[in-house]
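Trainee: Structure supplied as upload-v3.pdb; contents: PDB, C-alpha atoms.
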```pdb
MODEL        1
ATOM      1  CA  MET A  77      70.287  23.380 115.721
ATOM      2  CA  ALA A  78      67.572  23.202 113.053
ATOM      3  CA  PRO A  79      67.834  26.451 111.031
ATOM      4  CA  ASP A  80      65.327  25.269 108.413
ATOM      5  CA  ALA A  81      62.569  24.811 111.002
ATOM      6  CA  ASP A  82      59.674  27.244 111.443
ATOM      7  CA  ILE A  83      58.919  27.901 115.123
ATOM      8  CA  TYR A  84      55.434  28.620 116.436
ATOM      9  CA  ASP A  85      54.951  29.904 119.987
ATOM     10  CA  TYR A  86      51.688  29.415 121.899
ATOM     11  CA  ARG A  87      51.088  31.300 125.148
ATOM     12  CA  VAL A  88      49.456  29.037 127.738
ATOM     13  CA  PHE A  89      50.479  30.696 131.007
ATOM     14  CA  GLY A  90      48.718  33.475 132.862
ATOM     15  CA  ARG A  91      50.243  36.801 133.831
ATOM     16  CA  ARG A  92      51.728  35.271 136.996
ATOM     17  CA  GLY A  93      53.252  32.356 135.127
ATOM     18  CA  THR A  94      50.617  29.862 136.219
ATOM     19  CA  GLY A  95      49.731  27.159 133.712
ATOM     20  CA  ILE A  96      46.147  26.936 132.540
ATOM     21  CA  ASP A  97      45.225  23.349 131.724
ATOM     22  CA  ARG A  98      42.477  24.175 129.236
ATOM     23  CA  ALA A  99      44.763  26.597 127.390
ATOM     24  CA  ILE A 100      47.417  23.896 127.057
ATOM     25  CA  GLY A 101      44.927  21.489 125.498
ATOM     26  CA  LEU A 102      43.667  24.159 123.099
ATOM     27  CA  ALA A 103      47.210  25.112 122.101
ATOM     28  CA  ILE A 104      48.080  21.491 121.309
ATOM     29  CA  ASP A 105      45.021  21.244 119.062
ATOM     30  CA  GLN A 106      45.932  24.515 117.357
ATOM     31  CA  ALA A 107      49.499  23.300 116.778
ATOM     32  CA  ILE A 108      48.101  20.178 115.121
ATOM     33  CA  ALA A 109      45.804  22.268 112.942
ATOM     34  CA  ASP A 110      48.723  24.557 112.037
ATOM     35  CA  GLY A 111      50.632  21.562 110.670
ATOM     36  CA  CYS A 112      53.394  21.445 113.296
ATOM     37  CA  GLN A 113      55.541  18.305 113.186
ATOM     38  CA  VAL A 114      57.182  18.602 116.621
ATOM     39  CA  ILE A 115      55.728  20.038 119.841
ATOM     40  CA  ASN A 116      57.913  20.877 122.845
ATOM     41  CA  MET A 117      56.314  21.372 126.259
ATOM     42  CA  SER A 118      58.666  22.606 128.966
ATOM     43  CA  LEU A 119      55.948  22.365 131.589
ATOM     44  CA  GLY A 120      54.309  19.776 133.795
ATOM     45  CA  GLY A 121      52.301  18.946 136.901
ATOM     46  CA  PRO A 122      52.028  16.136 139.478
ATOM     47  CA  ARG A 123      48.682  14.812 138.224
ATOM     48  CA  PRO A 124      47.236  13.908 134.818
ATOM     49  CA  PHE A 125      44.538  16.187 133.409
ATOM     50  CA  GLY A 126      42.069  14.584 131.028
ATOM     51  CA  PRO A 127      41.730  17.331 128.395
ATOM     52  CA  ILE A 128      45.529  17.645 128.073
ATOM     53  CA  GLY A 129      45.916  13.881 127.816
ATOM     54  CA  SER A 130      43.250  13.761 125.121
ATOM     55  CA  ALA A 131      44.962  16.539 123.172
ATOM     56  CA  VAL A 132      48.328  14.741 123.400
ATOM     57  CA  LYS A 133      46.637  11.590 122.108
ATOM     58  CA  ARG A 134      45.148  13.531 119.177
ATOM     59  CA  ALA A 135      48.609  14.890 118.346
ATOM     60  CA  TYR A 136      50.096  11.396 118.520
ATOM     61  CA  ASP A 137      47.336   9.975 116.300
ATOM     62  CA  ALA A 138      48.010  12.784 113.805
ATOM     63  CA  GLY A 139      51.702  11.830 113.592
ATOM     64  CA  VAL A 140      52.965  14.833 115.568
ATOM     65  CA  ILE A 141      56.030  14.253 117.779
ATOM     66  CA  VAL A 142      55.289  15.439 121.347
ATOM     67  CA  VAL A 143      58.367  16.150 123.517
ATOM     68  CA  CYS A 144      57.936  17.009 127.211
ATOM     69  CA  ALA A 145      60.094  17.952 130.185
ATOM     70  CA  ALA A 146      60.079  14.984 132.566
ATOM     71  CA  GLY A 147      60.004  17.066 135.773
ATOM     72  CA  ASN A 148      62.299  18.430 138.491
ATOM     73  CA  GLU A 149      61.103  16.713 141.636
ATOM     74  CA  GLY A 150      63.898  14.117 141.631
ATOM     75  CA  ASP A 151      65.601  13.035 144.852
ATOM     76  CA  GLY A 152      68.882  11.888 143.333
ATOM     77  CA  ASN A 153      67.883   8.223 143.559
ATOM     78  CA  PRO A 154      67.298   6.733 140.089
ATOM     79  CA  LEU A 155      65.364   3.803 141.551
ATOM     80  CA  THR A 156      62.571   5.921 143.049
ATOM     81  CA  ASN A 157      59.702   7.302 140.986
ATOM     82  CA  GLU A 158      58.727  10.958 140.650
ATOM     83  CA  ASN A 159      55.928  11.569 138.174
ATOM     84  CA  SER A 160      54.900  14.488 136.003
ATOM     85  CA  TRP A 161      52.360  14.958 133.231
ATOM     86  CA  PRO A 162      52.104  15.398 130.264
ATOM     87  CA  ALA A 163      55.573  13.779 130.115
ATOM     88  CA  ASN A 164      54.233  10.552 131.640
ATOM     89  CA  TYR A 165      51.675   9.994 128.894
ATOM     90  CA  THR A 166      52.688   7.067 126.695
ATOM     91  CA  GLU A 167      52.234   9.238 123.617
ATOM     92  CA  SER A 168      54.828  11.771 124.855
ATOM     93  CA  ILE A 169      58.613  11.612 124.650
ATOM     94  CA  SER A 170      59.700  12.276 128.237
ATOM     95  CA  VAL A 171      63.063  14.054 128.582
ATOM     96  CA  ALA A 172      65.279  14.087 131.672
ATOM     97  CA  ALA A 173      68.211  16.421 132.375
ATOM     98  CA  LEU A 174      71.929  15.618 132.326
ATOM     99  CA  VAL A 175      75.048  17.493 133.348
ATOM    100  CA  LYS A 176      77.487  18.287 130.547
ATOM    101  CA  SER A 177      80.488  16.757 132.290
ATOM    102  CA  ASP A 178      82.493  13.558 132.390
ATOM    103  CA  GLY A 179      80.196  10.545 132.374
ATOM    104  CA  LEU A 180      77.092  12.659 131.617
ATOM    105  CA  PRO A 181      75.557  12.226 135.100
ATOM    106  CA  VAL A 182      71.807  12.647 135.526
ATOM    107  CA  ALA A 183      70.931  15.916 137.273
ATOM    108  CA  ARG A 184      69.935  15.326 140.890
ATOM    109  CA  PHE A 185      66.660  17.239 140.454
ATOM    110  CA  SER A 186      65.599  15.239 137.374
ATOM    111  CA  ASN A 187      62.598  12.946 137.855
ATOM    112  CA  SER A 188      63.126   9.207 137.528
ATOM    113  CA  ASN A 189      60.391   6.816 136.412
ATOM    114  CA  VAL A 190      59.734   4.137 133.806
ATOM    115  CA  GLU A 191      58.198   6.656 131.374
ATOM    116  CA  VAL A 192      61.417   8.649 130.843
ATOM    117  CA  ASP A 193      62.582   8.127 127.263
ATOM    118  CA  TYR A 194      65.633  10.308 126.570
ATOM    119  CA  SER A 195      67.752  13.022 128.146
ATOM    120  CA  GLY A 196      69.219  16.365 127.187
ATOM    121  CA  ILE A 197      71.769  18.750 128.656
ATOM    122  CA  GLY A 198      69.799  20.559 131.351
ATOM    123  CA  VAL A 199      72.263  22.118 133.808
ATOM    124  CA  ASN A 200      73.704  25.638 133.469
ATOM    125  CA  VAL A 201      72.232  26.062 129.999
ATOM    126  CA  LEU A 202      72.668  29.529 128.491
ATOM    127  CA  SER A 203      69.095  30.801 128.074
ATOM    128  CA  LEU A 204      67.281  33.936 126.995
ATOM    129  CA  LYS A 205      66.004  36.232 129.744
ATOM    130  CA  PRO A 206      63.008  38.580 129.563
ATOM    131  CA  GLY A 207      64.193  42.026 128.568
ATOM    132  CA  GLY A 208      66.733  40.827 126.032
ATOM    133  CA  ASP A 209      69.457  39.568 128.378
ATOM    134  CA  VAL A 210      70.773  36.014 128.831
ATOM    135  CA  MET A 211      71.248  33.857 131.921
ATOM    136  CA  ARG A 212      72.113  30.276 132.819
ATOM    137  CA  LEU A 213      69.246  28.035 133.912
ATOM    138  CA  SER A 214      68.891  24.420 134.968
ATOM    139  CA  GLY A 215      65.923  22.100 134.587
ATOM    140  CA  THR A 216      64.305  19.534 132.379
ATOM    141  CA  SER A 217      62.690  22.570 130.730
ATOM    142  CA  MET A 218      66.147  23.250 129.267
ATOM    143  CA  ALA A 219      66.742  19.595 128.362
ATOM    144  CA  SER A 220      63.462  19.024 126.529
ATOM    145  CA  PRO A 221      64.042  21.629 123.767
ATOM    146  CA  HIS A 222      67.515  20.152 123.195
ATOM    147  CA  VAL A 223      65.859  16.868 122.225
ATOM    148  CA  ALA A 224      63.024  18.588 120.312
ATOM    149  CA  GLY A 225      65.616  20.562 118.356
ATOM    150  CA  PHE A 226      67.595  17.414 117.627
ATOM    151  CA  ILE A 227      64.445  15.777 116.275
ATOM    152  CA  ALA A 228      63.680  18.868 114.188
ATOM    153  CA  SER A 229      67.165  18.664 112.698
ATOM    154  CA  LEU A 230      66.510  15.061 111.662
ATOM    155  CA  LEU A 231      63.324  16.197 109.944
ATOM    156  CA  SER A 232      65.046  19.093 108.160
ATOM    157  CA  LYS A 233      65.377  18.876 104.412
ATOM    158  CA  GLU A 234      69.108  19.567 104.449
ATOM    159  CA  LYS A 235      71.768  18.719 106.990
ATOM    160  CA  SER A 236      73.092  21.820 108.734
ATOM    161  CA  THR A 237      76.842  22.406 108.911
ATOM    162  CA  GLU A 238      76.424  24.493 112.071
ATOM    163  CA  ARG A 239      76.546  23.095 115.588
ATOM    164  CA  PRO A 240      75.401  24.871 118.743
ATOM    165  CA  ASP A 241      77.700  25.234 121.748
ATOM    166  CA  ASP A 242      75.666  22.649 123.639
ATOM    167  CA  GLU A 243      75.766  20.113 120.846
ATOM    168  CA  ILE A 244      75.375  16.927 122.839
ATOM    169  CA  VAL A 245      71.743  15.901 123.168
ATOM    170  CA  THR A 246      70.998  12.880 125.260
ATOM    171  CA  GLY A 247      68.418  10.153 125.683
ATOM    172  CA  PRO A 248      66.765   8.210 128.532
ATOM    173  CA  PRO A 249      68.518   7.909 131.827
ATOM    174  CA  ASN A 250      66.534   6.505 134.716
ATOM    175  CA  GLY A 251      65.125   9.957 135.324
ATOM    176  CA  GLY A 252      62.985  12.798 134.026
ATOM    177  CA  GLY A 253      61.601  16.049 135.519
ATOM    178  CA  GLY A 254      58.989  18.818 136.028
ATOM    179  CA  ASP A 255      59.260  22.156 134.380
ATOM    180  CA  ASP A 256      62.114  23.906 136.183
ATOM    181  CA  GLY A 257      65.404  22.889 137.753
ATOM    182  CA  ASP A 258      67.607  23.910 140.650
ATOM    183  CA  ASN A 259      68.202  27.339 139.126
ATOM    184  CA  GLY A 260      64.667  28.006 138.019
ATOM    185  CA  GLY A 261      63.309  27.396 134.559
ATOM    186  CA  GLY A 262      59.939  28.608 133.487
ATOM    187  CA  GLY A 263      57.599  26.458 131.475
ATOM    188  CA  GLY A 264      56.994  27.031 127.822
ATOM    189  CA  PHE A 265      55.081  25.603 124.890
ATOM    190  CA  ASP A 266      56.809  25.750 121.535
ATOM    191  CA  CYS A 267      56.328  24.007 118.249
ATOM    192  CA  CYS A 268      57.199  24.092 114.700
ATOM    193  CA  GLY A 269      50.693  32.350 118.518
ATOM    194  CA  LEU A 270      47.630  32.717 119.279
ATOM    195  CA  PHE A 271      45.057  29.996 119.306
ATOM    196  CA  SER A 272      41.330  29.835 118.835
ATOM    197  CA  VAL A 273      38.577  27.562 120.093
ATOM    198  CA  SER A 274      36.925  25.068 117.781
ATOM    199  CA  SER A 275      33.798  23.108 118.588
ATOM    200  CA  ALA A 276      34.817  20.152 116.422
ATOM    201  CA  TYR A 277      38.132  18.373 115.978
ATOM    202  CA  PRO A 278      39.352  17.428 112.482
ATOM    203  CA  THR A 279      40.193  13.806 111.822
ATOM    204  CA  PRO A 280      43.832  12.588 112.084
ATOM    205  CA  GLU A 281      43.867  12.185 108.285
ATOM    206  CA  GLN A 282      42.862  15.827 107.819
ATOM    207  CA  ILE A 283      45.492  17.225 110.178
ATOM    208  CA  ARG A 284      48.381  14.777 109.816
ATOM    209  CA  PRO A 285      51.476  16.891 109.034
ATOM    210  CA  LYS A 286      53.173  16.325 105.690
ATOM    211  CA  PHE A 287      56.699  15.193 106.572
ATOM    212  CA  LYS A 288      59.165  16.550 104.039
ATOM    213  CA  LYS A 289      62.011  14.422 102.726
ATOM    214  CA  SER A 290      64.550  14.615 105.550
ATOM    215  CA  VAL A 291      68.193  13.783 106.072
ATOM    216  CA  PHE A 292      67.048  10.499 107.563
ATOM    217  CA  ASP A 293      64.249   8.967 105.502
ATOM    218  CA  GLY A 294      61.646   6.809 107.172
ATOM    219  CA  ILE A 295      60.546   9.138 110.000
ATOM    220  CA  THR A 296      56.785   9.355 109.672
ATOM    221  CA  ASP A 297      55.517   9.270 113.259
ATOM    222  CA  ASP A 298      56.469   8.728 116.909
ATOM    223  CA  ALA A 299      57.149   5.009 116.513
ATOM    224  CA  SER A 300      59.415   5.354 113.475
ATOM    225  CA  LEU A 301      61.286   8.232 115.154
ATOM    226  CA  ARG A 302      61.961   6.222 118.322
ATOM    227  CA  LYS A 303      63.127   3.279 116.235
ATOM    228  CA  MET A 304      65.659   5.451 114.421
ATOM    229  CA  LEU A 305      66.847   7.177 117.593
ATOM    230  CA  ASN A 306      67.342   3.879 119.388
ATOM    231  CA  GLU A 307      69.091   2.185 116.478
ATOM    232  CA  ARG A 308      71.325   5.026 115.296
ATOM    233  CA  PHE A 309      71.798   7.552 118.092
ATOM    234  CA  ALA A 310      71.263   5.888 121.493
ATOM    235  CA  ILE A 311      74.065   5.228 123.972
ATOM    236  CA  ASP A 312      73.258   3.641 127.337
ATOM    237  CA  ILE A 313      73.879   5.971 130.280
ATOM    238  CA  GLY A 314      71.335   4.489 132.693
ATOM    239  CA  VAL A 315      71.741   3.167 136.211
ATOM    240  CA  LYS A 316      71.159  -0.567 136.349
ATOM    241  CA  GLY A 317      68.208  -1.782 138.384
ATOM    242  CA  PRO A 318      67.691  -5.030 140.303
ATOM    243  CA  ASP A 319      67.333  -6.938 137.012
ATOM    244  CA  ASN A 320      70.753  -5.631 135.886
ATOM    245  CA  GLU A 321      69.123  -3.903 132.906
ATOM    246  CA  THR A 322      68.581  -0.229 132.099
ATOM    247  CA  GLY A 323      66.853   0.106 128.722
ATOM    248  CA  LEU A 324      68.020   3.698 128.677
ATOM    249  CA  GLY A 325      69.840   5.727 126.037
ATOM    250  CA  PHE A 326      71.787   8.802 125.072
ATOM    251  CA  LEU A 327      71.399  10.872 121.876
ATOM    252  CA  THR A 328      74.227  12.792 120.256
ATOM    253  CA  TYR A 329      75.163  14.644 117.082
ATOM    254  CA  LEU A 330      78.628  13.119 117.341
ATOM    255  CA  SER A 331      79.833   9.767 116.071
ATOM    256  CA  LYS A 332      80.870   7.261 118.737
ATOM    257  CA  ASP A 333      84.562   8.035 118.166
ATOM    258  CA  GLU A 334      83.947  11.796 118.218
ATOM    259  CA  LEU A 335      81.943  11.452 121.429
ATOM    260  CA  THR A 336      84.676   9.391 123.095
ATOM    261  CA  ASP A 337      87.272  12.002 122.152
ATOM    262  CA  ALA A 338      85.042  14.829 123.415
ATOM    263  CA  LEU A 339      84.412  13.128 126.764
ATOM    264  CA  ASP A 340      88.145  12.422 127.180
ATOM    265  CA  GLN A 341      88.791  16.149 126.895
ATOM    266  CA  LEU A 342      86.255  17.173 129.569
TER     267      LEU A 342
ENDMDL
END
```
I need this file expressed as structure tokens, please.
Mentor:
Amino acid sequence: MAPDADIYDYRVFGRRGTGIDRAIGLAIDQAIADGCQVINMSLGGPRPFGPIGSAVKRAYDAGVIVVCAAGNEGDGNPLTNENSWPANYTESISVAALVKSDGLPVARFSNSNVEVDYSGIGVNVLSLKPGGDVMRLSGTSMASPHVAGFIASLLSKEKSTERPDDEIVTGPPNGGGGDDGDNGGGGGFDCCGLFSVSSAYPTPEQIRPKFKKSVFDGITDDASLRKMLNERFAIDIGVKGPDNETGLGFLTYLSKDELTDALDQL
């Protein structure tokens, strides 16, 4: 999806797969210090945790794009709220899960709340399995890296001529999710290692990543990215609420005509 991108991996889970809040905050700070431009967090919990929220805010202030799985506690009703953090932080891009089928329906397990920003294909996604095998998994943990990869491709210096099998990447339905879906998932923290502890944080000016000239000029931070996504790549797939509005979108590599043709063939 973004072959020019460098990928950094930060381990934040214990041996049993349990997330460690302090480790997540430290890893975010290390990713900032390492000059990462995009952070993906396929993880989440039902309550906010101060140190993680502060680290997300530092990343946002430094111009780093933070993409998070919205959560998998959804009840199938887009008008009820299920919450998960760090996706629910204002500084994060919260990603829900869609089914790659006619109409791009929101996955039943995907959280819905007002903080969900975009969506990605998150059902039956071909994924790597420990030991070198592959398997199909469902969850917002699968959807979030679709959107992070799409963003990385926009920030790449040259446009790639290759397209992955799951090429449609989507934006905000009225939902979002935790870290795993109906078929499992497994949280992860990826960005563009190991991390160390520092007693002092550098200033945003010292750690702000240097955005290279990309295919789409003008992306310098979270706000400019959202503006471009909404103006050039968003298609409304949301469920209308009582006010008859959705404010939700859908992101795709395809042009509108190409997308229409692709959906007609499903």
Trainee: Quick check, in Å to one decimal: how far apart do atom CA of Gly129 of chain A and atom CA of Ser195 of chain A lie?
Mentor: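 Straight-line distance from atom CA of Gly129 of chain A to atom CA of Ser195 of chain A works out to 21.9 Å.
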Trainee: Starting from the PyMOL selection byres ((chain A and resi 122) around 7), expand the selection into actual residues of this file and give them as a compact mmCIF listing (two decimals) with C-alpha atoms, in the frame of the given file.
Mentor:
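Final file, out29.txt:
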```
# COMPACT_ATOMS: atom_id res chain seq x y z
CA GLY A 121 52.30 18.95 136.90
CA ARG A 123 48.68 14.81 138.22
CA ASN A 159 55.93 11.57 138.17
CA SER A 160 54.90 14.49 136.00
CA TRP A 161 52.36 14.96 133.23
```
Trainee: Would you work out the distance separating atom CA of Pro154 of chain A from atom CA of Ile141 of chain A, expressed in Å to one decimal?
Mentor: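 So the two atoms, atom CA of Pro154 of chain A and atom CA of Ile141 of chain A, lie 26.1 Å apart.
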Trainee: Determine the nearest neighbour of Ala228 of chain A from the options A:Ile100, A:Glu149, A:Val114, A:Val171, counting all atoms listed in the file.
Mentor: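 The shortest atom-to-atom distance to Ala228 of chain A comes from A:Val114.
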Trainee: Using all atoms listed in the file, which residues sit within 9 Å of Gly198 of chain A once same-chain residues fewer than 3 positions away are excluded, as a list in words?
Mentor: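 Non-adjacent residues within range: Ala172, Ala173, Leu174, Val175, Lys176, Ala183, Ser195, Val201, Leu213, Ser214, Gly215, Thr216, Ser217, Met218, Ala219, Ser220, His222 and Gly257 of chain A.
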Trainee: At most 12 Å from (45.3, 11.4, 120.7), file frame, only C-alpha atoms: which residues, as a PyMOL selection string?
Mentor: chain A and resi 101+104-105+108+126-142+165-168+277-280+284
Trainee: Counting only C-alpha atoms, what is within 10 Å of Met211 of chain A, bar same-chain residues fewer than 3 positions away, as number ranges by chain?
Mentor: A: 200-206
Trainee: Quick one: distance from atom CA of Cys112 of chain A to atom CA of Tyr84 of chain A in Å, one decimal?
Mentor: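 Those two atoms sit 8.1 Å apart.
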Trainee: Residue by residue, what does the PyMOL selection byres ((chain A and resi 190) around 8) grab here? Present the result as a list in words.
Mentor: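 What the PyMOL selection byres ((chain A and resi 190) around 8) grabs from the file is Asn157, Ser188, Asn189, Glu191, Val192 and Asn250 of chain A.
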Trainee: Given the choices A:Ile83, A:Ser118, A:Phe125, A:Asn164, which gets closest to Asp97 of chain A if the distance is worked out from only C-alpha atoms?
Mentor: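 Going through A:Ile83, A:Ser118, A:Phe125, A:Asn164 one by one, the smallest distance to Asp97 of chain A is for A:Phe125.
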Trainee: Let me have the centre and edge lengths of the axis-aligned box enclosing all listed atoms of segment 298-303 of chain A with 4 Å padding on every side, in Å to one decimal, as lines of an AutoDock Vina configuration file.
Mentor:
```
center_x = 59.8
center_y = 6.0
center_z = 115.9
size_x = 14.7
size_y = 13.4
size_z = 12.8
```
Trainee: I'd like to know which of A:Leu231, A:Ala103, A:Asp209, A:Ala145 is closest to Asn187 of chain A, using only C-alpha atoms.
Mentor: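 When distances to Asn187 of chain A are compared using only C-alpha atoms, the smallest one comes from A:Ala145.
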Trainee: Restricting the calculation to only C-alpha atoms, which member of A:Asn148, A:Asn306, A:Asn116, A:Ser170 is positioned closest to Asp193 of chain A?
Mentor: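 Nearest to Asp193 of chain A: A:Ser170.
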